[in-house]
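Worksheet: the structure to be examined is printed underneath.
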Amino acid sequence: MHRVVIVGAGFGGLAAARALRDAPVHVDLIDANNYHLFQPLLYQVATAGLDGDDVAYAVRGIFRRQRNVTVHLGRVAAADLDARTVTVERAGAAPSTLAYDSLVVAAGAVSTTYGVPGVAEHAIALKDLDDAVALRRAVLERFERAAVDHGMLARRSLDVVVCGGGPTGVETAGAMMELFTKVLAKDFRDLDVASVQVTVVEAAPRLLGMFGPASSERARRTLERRGVVVRLGVGVDRVSADGHGDHRVELTDGTSLPAGVVVWAAGVRASPLAQALGVELGRGGRIVVGDDLSVPGHPEVFAVGDVAASRTAGEDAPLPQVAQPAIQGGRHAARQIVRRLKGRGSEPFSYHDKGSMATIGRHDAVAEFPRRWLGVQRLSGFVGWLAWLGLHIVYLIGFRNRANVLVNWAWNYLTFDRASRILPSGGPSDVD
Ligand SMILES: Cc1cc2nc3c(=O)[nH]c(=O)nc-3n(C[C@H](O)[C@H](O)[C@H](O)COP(=O)(O)OP(=O)(O)OC[C@H]3O[C@@H](n4cnc5c(N)ncnc54)[C@H](O)[C@@H]3O)c2cc1C
């Protein structure tokens with residue numbers, strides 16, 4: 001049986017494995033986590049709107065009925081592209097090797113500090129479930145401390161600075177402000193929560209660079225109307241600690257912002273696995289691929305999603321690191337594997353742009369859909385927000401997750417409450 005190894009059970013890896021459902025192949029699907037993570041809703045976990053397991057789904061559960069898939073929990077540390085093997089590290093076991101006939105690398109991206117001093121030590125990224133839970137805990141713990149130490153407000157120890165004005169930064173800032181003004185203001189009645197500041201810092205002259213200027217402007221106005229401070233055209237120079245558990249974000253224009261919590265949403269680079277493969281890398285450490293998404297010189301190796309510099313055949317610009325290129329790339333790689341098994345040549349990849357969306361908080365979102373004959377169609381405000389809700393429900397995996405998210409959203413919407421703001425003790429319970 002032809003053996004396909006897929007590294008990564010994110011959007012790209014899942015799409016590839018599912019597309020091989022009826023193919024005469026055996027699939028080994030390897031992921032460093034035992035769950036598939038729906039990253040677009042991570043910011044809602046960070047801002048207490050959803051629980052971690054609402055946005056994650058056990059990979060073994062997804063493939064329970066797909067008999068040609070074996071799921072492995074482990075980290076692929078290296079691959080020998082000539083010997084056609086990958087080395088898998090598993091907790092509590094010696095590294096092992098798995099042989100393949102076709103390999104699909106869908107290992108995604110990691111957050112990058114771009115070398116800005118202090119970011120790794122003092123900022124919280126928003127890339128995986130642990131980050132989101134850590135961010136939520138950092139914010140809630142500060143409010144609990146401020147309940148007994150009101151001086152924290154004057155010291156600006158509750159302020160949040162979000163570095164990066166892309167969709168993640170905008171969504172996080174909007175939702176954080178809403179958490180403060182609509183929820184925590186009622187929980188902490190003795191605190192002047194209205195004085196807590198949320199700031200977004202973006203080096204480019206506008207927010208949401210991948211959207212058109214009208215959507216960027218709308219996002220800025222909406223955030224500002226809701227109380228978020230937006231700083232455009234200025235970068236982050238350094239993040240430092242003040243010795244009392246607070247931070248200072250120093251900006252390239254010489255000013256600085258005090259912050260209790262610093263969120264790093266400024267960018268990603270390809271998974272370190274890309275480098276370990278010893279193949280040609282492009283900007284951001286992304287694997288250079290040919291028109292059919294295979295790695296030059298290795299037609300049996302495909303790279304898809306955030307880890308790859310994939311592009312529509314004949315175009316220069318690599319596709320953005322968002323979900324659709326990963327999903328479509330994963331399906332394309334699977335199709336090429338099947339075509340080759342049938343003795344056919346491979347087809348070039350052609351990306352179908354379904355558009356982009358970002359929420360700016362309750363009732364407001366921006367969405368852009370390119371249409372061949374009509375140009376870019378824009379949706380914003382309440383209609384954009386409804387479209388955003390609907391699409392995220394459709395793409396979320398698992399009936400239970402969809403039901404939970406819908407119930408949570410309805411609850412949040414009707415009551416202005418956030419269900420997920422418990423602070424687990426983090427240790428075992430006392431035994432008497
Ligand atoms: C906070 C946030 C919000 C986002 N919002 C949106 C949005 O609104 N819309 C949108 O389209 N996109 C959004 N994105 C981007 C989108 O999530 C990614 O583009 C998409 O997940 C890429 O899919 P992928 O399959 O390439 O990688 P991923 O989905 O990241 O999956 C990679 C998988 O590989 C695994 N892995 C990595 N290295 C190894 C290894 N060495 N061995 C084994 N397993 C490994 C990881 O555990 C992971 O499961 C967002 C991303 C983030 C972080």
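Residues are named by chain letter and number: chains run A, B, ... in the order of the structure tokens, numbers start at 1 in each chain, and ligands are numbered from 1 in the order shown.
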
**Item:** Spatial neighbours of stretch 111-118 of chain A, max dist 6 Å, only C-alpha atoms, sep filter under 3 positions, as a PyMOL selection string
**Value:** chain A and resi 121-122+238-240+267-269

Within 6 Å of ligand 1, which residues of chain A show up? Give each one with its shortest atom-to-atom distance in Å (one decimal) and the two atoms involved, counting only C-alpha atoms and all ligand atoms, rows by chain then rising residue number, as JSON lines.
{"residue": "A:Val7", "atom": "CA", "partner": "ligand 1", "partner_atom_place_in_ligand_line": "43 (C)", "distance": 5.4}
{"residue": "A:Gly8", "atom": "CA", "partner": "ligand 1", "partner_atom_place_in_ligand_line": "34 (O)", "distance": 3.3}
{"residue": "A:Ala9", "atom": "CA", "partner": "ligand 1", "partner_atom_place_in_ligand_line": "49 (O)", "distance": 4.6}
{"residue": "A:Gly10", "atom": "CA", "partner": "ligand 1", "partner_atom_place_in_ligand_line": "31 (O)", "distance": 3.2}
{"residue": "A:Phe11", "atom": "CA", "partner": "ligand 1", "partner_atom_place_in_ligand_line": "25 (O)", "distance": 3.8}
{"residue": "A:Gly12", "atom": "CA", "partner": "ligand 1", "partner_atom_place_in_ligand_line": "25 (O)", "distance": 3.6}
{"residue": "A:Gly13", "atom": "CA", "partner": "ligand 1", "partner_atom_place_in_ligand_line": "25 (O)", "distance": 5.5}
{"residue": "A:Ile30", "atom": "CA", "partner": "ligand 1", "partner_atom_place_in_ligand_line": "43 (C)", "distance": 5.5}
{"residue": "A:Asp31", "atom": "CA", "partner": "ligand 1", "partner_atom_place_in_ligand_line": "44 (N)", "distance": 3.5}
{"residue": "A:Ala32", "atom": "CA", "partner": "ligand 1", "partner_atom_place_in_ligand_line": "44 (N)", "distance": 4.1}
{"residue": "A:Asn33", "atom": "CA", "partner": "ligand 1", "partner_atom_place_in_ligand_line": "47 (O)", "distance": 5.1}
{"residue": "A:His36", "atom": "CA", "partner": "ligand 1", "partner_atom_place_in_ligand_line": "49 (O)", "distance": 5.6}
{"residue": "A:Gln39", "atom": "CA", "partner": "ligand 1", "partner_atom_place_in_ligand_line": "17 (O)", "distance": 4.5}
{"residue": "A:Pro40", "atom": "CA", "partner": "ligand 1", "partner_atom_place_in_ligand_line": "5 (N)", "distance": 3.3}
{"residue": "A:Leu42", "atom": "CA", "partner": "ligand 1", "partner_atom_place_in_ligand_line": "1 (C)", "distance": 5.2}
{"residue": "A:Tyr43", "atom": "CA", "partner": "ligand 1", "partner_atom_place_in_ligand_line": "1 (C)", "distance": 5.9}
{"residue": "A:Gly74", "atom": "CA", "partner": "ligand 1", "partner_atom_place_in_ligand_line": "43 (C)", "distance": 5.8}
{"residue": "A:Arg75", "atom": "CA", "partner": "ligand 1", "partner_atom_place_in_ligand_line": "42 (N)", "distance": 3.5}
{"residue": "A:Val76", "atom": "CA", "partner": "ligand 1", "partner_atom_place_in_ligand_line": "42 (N)", "distance": 3.8}
{"residue": "A:Ala77", "atom": "CA", "partner": "ligand 1", "partner_atom_place_in_ligand_line": "41 (N)", "distance": 5.5}
{"residue": "A:Ala106", "atom": "CA", "partner": "ligand 1", "partner_atom_place_in_ligand_line": "25 (O)", "distance": 5.2}
{"residue": "A:Ala107", "atom": "CA", "partner": "ligand 1", "partner_atom_place_in_ligand_line": "34 (O)", "distance": 3.6}
{"residue": "A:Gly108", "atom": "CA", "partner": "ligand 1", "partner_atom_place_in_ligand_line": "27 (O)", "distance": 3.3}
{"residue": "A:Ala109", "atom": "CA", "partner": "ligand 1", "partner_atom_place_in_ligand_line": "30 (O)", "distance": 5.6}
{"residue": "A:Leu126", "atom": "CA", "partner": "ligand 1", "partner_atom_place_in_ligand_line": "1 (C)", "distance": 5.2}
{"residue": "A:Lys127", "atom": "CA", "partner": "ligand 1", "partner_atom_place_in_ligand_line": "53 (C)", "distance": 4.0}
{"residue": "A:Thr168", "atom": "CA", "partner": "ligand 1", "partner_atom_place_in_ligand_line": "3 (C)", "distance": 5.0}
{"residue": "A:Ser271", "atom": "CA", "partner": "ligand 1", "partner_atom_place_in_ligand_line": "38 (N)", "distance": 5.8}
{"residue": "A:Leu273", "atom": "CA", "partner": "ligand 1", "partner_atom_place_in_ligand_line": "41 (N)", "distance": 5.3}
{"residue": "A:Gly305", "atom": "CA", "partner": "ligand 1", "partner_atom_place_in_ligand_line": "26 (O)", "distance": 3.4}
{"residue": "A:Asp306", "atom": "CA", "partner": "ligand 1", "partner_atom_place_in_ligand_line": "26 (O)", "distance": 3.9}
{"residue": "A:Val307", "atom": "CA", "partner": "ligand 1", "partner_atom_place_in_ligand_line": "26 (O)", "distance": 5.8}
{"residue": "A:Gln321", "atom": "CA", "partner": "ligand 1", "partner_atom_place_in_ligand_line": "19 (O)", "distance": 4.3}
{"residue": "A:Val322", "atom": "CA", "partner": "ligand 1", "partner_atom_place_in_ligand_line": "19 (O)", "distance": 3.0}
{"residue": "A:Ala323", "atom": "CA", "partner": "ligand 1", "partner_atom_place_in_ligand_line": "11 (O)", "distance": 3.8}
{"residue": "A:Gln324", "atom": "CA", "partner": "ligand 1", "partner_atom_place_in_ligand_line": "11 (O)", "distance": 5.8}
{"residue": "A:Ala326", "atom": "CA", "partner": "ligand 1", "partner_atom_place_in_ligand_line": "23 (O)", "distance": 5.0}

**Request:** Pick out the closest residue to A:Ala132 from this set: A:Gly254, A:Gly49, A:Gly61, A:Gly278. Count only C-alpha atoms.
**Result:** A:Gly49

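Taking the backbone of this structure through DSSP, the residues of stretch 219-331 of chain A that come out as alpha helix (DSSP H) are Ala219, Arg220, Arg221, Thr222, Leu223, Glu224, Arg225, Leu273, Ala274, Gln275, Ala276, Ala323, Gln324, Pro325, Ala326, Ile327, Gln328, Gly329, Gly330 and Arg331 of chain A.
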
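You can rank A:Ala333, A:Val394, A:Val229, A:Met176 by their closest distance to A:Arg362 using only C-alpha atoms, and at the top of that list sits A:Met176.
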
Can you pull out the residues contacting A:Thr199? Cut-off 9 Å, using only C-alpha atoms, and skip same-chain residues under 2 positions away; I want them as a CSV table (one decimal) with N, CA, C and O atoms, in the first residue's frame.
chain,number,residue,atom,x,y,z
A,159,ASP,N,-3.5,48.0,32.1
A,159,ASP,CA,-3.5,48.3,30.7
A,159,ASP,C,-3.0,47.1,29.8
A,159,ASP,O,-2.1,46.4,30.3
A,160,VAL,N,-3.6,47.0,28.7
A,160,VAL,CA,-3.1,46.0,27.7
A,160,VAL,C,-2.6,46.7,26.5
A,160,VAL,O,-3.3,47.6,25.9
A,161,VAL,N,-1.4,46.3,26.0
A,161,VAL,CA,-0.9,46.8,24.7
A,161,VAL,C,-0.9,45.6,23.8
A,161,VAL,O,-0.3,44.6,24.1
A,162,VAL,N,-1.6,45.7,22.7
A,162,VAL,CA,-1.6,44.7,21.6
A,162,VAL,C,-0.7,45.1,20.5
A,162,VAL,O,-0.9,46.2,19.9
A,163,CYS,N,0.4,44.4,20.3
A,163,CYS,CA,1.4,44.7,19.2
A,163,CYS,C,1.0,44.0,18.0
A,163,CYS,O,1.0,42.8,17.9
A,173,ALA,N,-8.0,43.2,20.4
A,173,ALA,CA,-8.2,44.5,21.1
A,173,ALA,C,-9.7,44.8,21.3
A,173,ALA,O,-10.1,45.2,22.4
A,197,GLN,N,-6.8,51.1,29.9
A,197,GLN,CA,-6.6,51.4,28.5
A,197,GLN,C,-6.2,50.1,27.7
A,197,GLN,O,-5.3,49.4,28.1
A,201,VAL,N,-0.9,48.8,18.6
A,201,VAL,CA,0.3,49.4,18.0
A,201,VAL,C,0.5,48.7,16.6
A,201,VAL,O,0.7,47.5,16.6
A,228,VAL,N,-10.7,51.9,22.3
A,228,VAL,CA,-9.4,51.4,22.1
A,228,VAL,C,-8.5,52.5,21.5
A,228,VAL,O,-9.0,53.2,20.7
A,229,VAL,N,-7.3,52.6,22.0
A,229,VAL,CA,-6.4,53.6,21.5
A,229,VAL,C,-5.6,52.9,20.3
A,229,VAL,O,-5.1,51.8,20.5
A,230,VAL,N,-5.6,53.6,19.1
A,230,VAL,CA,-5.0,53.0,18.0
A,230,VAL,C,-3.7,53.8,17.6
A,230,VAL,O,-3.9,55.0,17.4
A,231,ARG,N,-2.5,53.2,17.6
A,231,ARG,CA,-1.3,53.9,17.3
A,231,ARG,C,-0.8,53.4,16.0
A,231,ARG,O,-0.4,52.2,15.9
A,257,LEU,N,4.7,53.0,26.3
A,257,LEU,CA,3.4,52.8,26.8
A,257,LEU,C,3.5,51.9,28.0
A,257,LEU,O,4.2,50.8,27.9

**Message:** Using only C-alpha atoms, can you tell me which of A:Met1, A:Ala125, A:Val249, A:Ala367 comes closest to A:Leu341?
**Reply:** A:Met1

**Prompt:** Hey, can you check how far atom CA of A:Gly361 sits from atom CA of A:Ala175?
**Reply:** 5.5 Å

**Request:** Select, from A:Ala56, A:Leu41, A:Leu386, A:Val376, the residue with the minimum atom-to-atom distance to A:Asp364, counting only C-alpha atoms.
**Result:**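 Closest residue, counting only C-alpha atoms: A:Leu386.
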
**Message:** Between atom CA of A:Ala204 and atom CA of A:Trp264, what is the distance in Å, rounded to a tenth?
**Reply:** 15.5 Å

**Request:** Excluding stretch 313-316 of chain A and residues on its chain fewer than 6 positions from it, collect all residues at most 12 Å away from it, counting only C-alpha atoms, and give them as a ChimeraX atom specification.
**Result:** /A:288-293,347-352

How about saving the chosen residues, all heavy atoms kept, as an mmCIF file, in the first residue's frame?
data_model
loop_
_atom_site.group_PDB
_atom_site.id
_atom_site.type_symbol
_atom_site.label_atom_id
_atom_site.label_comp_id
_atom_site.auth_asym_id
_atom_site.auth_seq_id
_atom_site.Cartn_x
_atom_site.Cartn_y
_atom_site.Cartn_z
ATOM 1 N N VAL A 288 9.920 26.787 -0.359
ATOM 2 C CA VAL A 288 9.656 27.124 -1.759
ATOM 3 C C VAL A 288 9.072 25.883 -2.438
ATOM 4 O O VAL A 288 9.620 24.783 -2.314
ATOM 5 C CB VAL A 288 10.964 27.560 -2.453
ATOM 6 C CG1 VAL A 288 10.771 27.711 -3.954
ATOM 7 C CG2 VAL A 288 11.471 28.870 -1.832
ATOM 8 N N VAL A 289 7.935 26.058 -3.093
ATOM 9 C CA VAL A 289 7.308 24.923 -3.783
ATOM 10 C C VAL A 289 7.075 25.254 -5.247
ATOM 11 O O VAL A 289 7.040 26.427 -5.626
ATOM 12 C CB VAL A 289 5.952 24.528 -3.125
ATOM 13 C CG1 VAL A 289 6.157 23.873 -1.783
ATOM 14 C CG2 VAL A 289 5.018 25.731 -3.010
ATOM 15 N N GLY A 290 6.924 24.209 -6.048
ATOM 16 C CA GLY A 290 6.656 24.396 -7.473
ATOM 17 C C GLY A 290 5.168 24.633 -7.721
ATOM 18 O O GLY A 290 4.361 24.710 -6.776
ATOM 19 N N ASP A 291 4.804 24.689 -9.007
ATOM 20 C CA ASP A 291 3.410 24.990 -9.377
ATOM 21 C C ASP A 291 2.408 23.987 -8.808
ATOM 22 O O ASP A 291 1.264 24.307 -8.566
ATOM 23 C CB ASP A 291 3.273 24.997 -10.907
ATOM 24 C CG ASP A 291 3.826 26.283 -11.502
ATOM 25 O OD1 ASP A 291 4.185 27.194 -10.725
ATOM 26 O OD2 ASP A 291 3.903 26.364 -12.746
ATOM 27 N N ASP A 292 2.865 22.739 -8.645
ATOM 28 C CA ASP A 292 1.925 21.716 -8.145
ATOM 29 C C ASP A 292 2.027 21.551 -6.628
ATOM 30 O O ASP A 292 1.484 20.609 -6.069
ATOM 31 C CB ASP A 292 2.174 20.378 -8.850
ATOM 32 C CG ASP A 292 3.566 19.825 -8.554
ATOM 33 O OD1 ASP A 292 4.385 20.557 -7.925
ATOM 34 O OD2 ASP A 292 3.849 18.667 -8.924
ATOM 35 N N LEU A 293 2.759 22.452 -5.957
ATOM 36 C CA LEU A 293 2.978 22.473 -4.494
ATOM 37 C C LEU A 293 3.982 21.424 -4.030
ATOM 38 O O LEU A 293 4.127 21.197 -2.822
ATOM 39 C CB LEU A 293 1.664 22.318 -3.699
ATOM 40 C CG LEU A 293 0.573 23.350 -3.959
ATOM 41 C CD1 LEU A 293 -0.592 23.162 -2.983
ATOM 42 C CD2 LEU A 293 1.112 24.766 -3.854
ATOM 43 N N GLU A 347 -1.051 18.482 -11.662
ATOM 44 C CA GLU A 347 -1.714 19.705 -12.146
ATOM 45 C C GLU A 347 -1.173 20.903 -11.361
ATOM 46 O O GLU A 347 -0.841 20.769 -10.182
ATOM 47 C CB GLU A 347 -3.212 19.666 -11.834
ATOM 48 C CG GLU A 347 -3.970 18.479 -12.322
ATOM 49 C CD GLU A 347 -5.270 18.356 -11.531
ATOM 50 O OE1 GLU A 347 -5.240 18.369 -10.289
ATOM 51 O OE2 GLU A 347 -6.305 18.263 -12.175
ATOM 52 N N PRO A 348 -1.167 22.080 -11.983
ATOM 53 C CA PRO A 348 -0.770 23.273 -11.228
ATOM 54 C C PRO A 348 -1.853 23.652 -10.216
ATOM 55 O O PRO A 348 -3.034 23.378 -10.437
ATOM 56 C CB PRO A 348 -0.625 24.347 -12.297
ATOM 57 C CG PRO A 348 -1.419 23.868 -13.460
ATOM 58 C CD PRO A 348 -1.469 22.373 -13.389
ATOM 59 N N PHE A 349 -1.421 24.284 -9.115
ATOM 60 C CA PHE A 349 -2.356 24.717 -8.074
ATOM 61 C C PHE A 349 -2.970 26.049 -8.485
ATOM 62 O O PHE A 349 -2.274 26.950 -8.930
ATOM 63 C CB PHE A 349 -1.585 24.873 -6.756
ATOM 64 C CG PHE A 349 -2.419 25.393 -5.609
ATOM 65 C CD1 PHE A 349 -3.553 24.731 -5.196
ATOM 66 C CD2 PHE A 349 -2.034 26.548 -4.920
ATOM 67 C CE1 PHE A 349 -4.316 25.197 -4.133
ATOM 68 C CE2 PHE A 349 -2.774 27.013 -3.848
ATOM 69 C CZ PHE A 349 -3.913 26.343 -3.457
ATOM 70 N N SER A 350 -4.272 26.147 -8.317
ATOM 71 C CA SER A 350 -4.930 27.420 -8.602
ATOM 72 C C SER A 350 -5.781 27.781 -7.386
ATOM 73 O O SER A 350 -6.721 27.056 -7.045
ATOM 74 C CB SER A 350 -5.789 27.260 -9.859
ATOM 75 O OG SER A 350 -6.494 28.437 -10.067
ATOM 76 N N TYR A 351 -5.452 28.896 -6.752
ATOM 77 C CA TYR A 351 -6.126 29.273 -5.505
ATOM 78 C C TYR A 351 -7.402 30.037 -5.808
ATOM 79 O O TYR A 351 -7.399 30.975 -6.626
ATOM 80 C CB TYR A 351 -5.170 30.125 -4.652
ATOM 81 C CG TYR A 351 -5.809 30.659 -3.397
ATOM 82 C CD1 TYR A 351 -6.305 29.787 -2.437
ATOM 83 C CD2 TYR A 351 -5.918 32.031 -3.176
ATOM 84 C CE1 TYR A 351 -6.912 30.273 -1.285
ATOM 85 C CE2 TYR A 351 -6.514 32.519 -2.027
ATOM 86 C CZ TYR A 351 -7.007 31.641 -1.088
ATOM 87 O OH TYR A 351 -7.601 32.120 0.046
ATOM 88 N N HIS A 352 -8.464 29.651 -5.120
ATOM 89 C CA HIS A 352 -9.724 30.378 -5.270
ATOM 90 C C HIS A 352 -9.914 31.262 -4.030
ATOM 91 O O HIS A 352 -10.135 30.743 -2.933
ATOM 92 C CB HIS A 352 -10.862 29.364 -5.405
ATOM 93 C CG HIS A 352 -12.212 29.988 -5.375
ATOM 94 N ND1 HIS A 352 -12.574 31.049 -6.194
ATOM 95 C CD2 HIS A 352 -13.300 29.737 -4.616
ATOM 96 C CE1 HIS A 352 -13.802 31.400 -5.943
ATOM 97 N NE2 HIS A 352 -14.276 30.626 -4.981
#

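Checking A:Glu144, A:Asp253, A:Asp28, A:Asp130 one by one against A:Val88, counting only C-alpha atoms, you find the shortest gap at A:Asp28.
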
**Request:** For atom CA of A:Asp192 and atom CA of A:Gly151, quote the distance in Å rounded to one decimal.
**Result:**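 Computing the Euclidean distance for atom CA of A:Asp192 and atom CA of A:Gly151 yields 11.2 Å.
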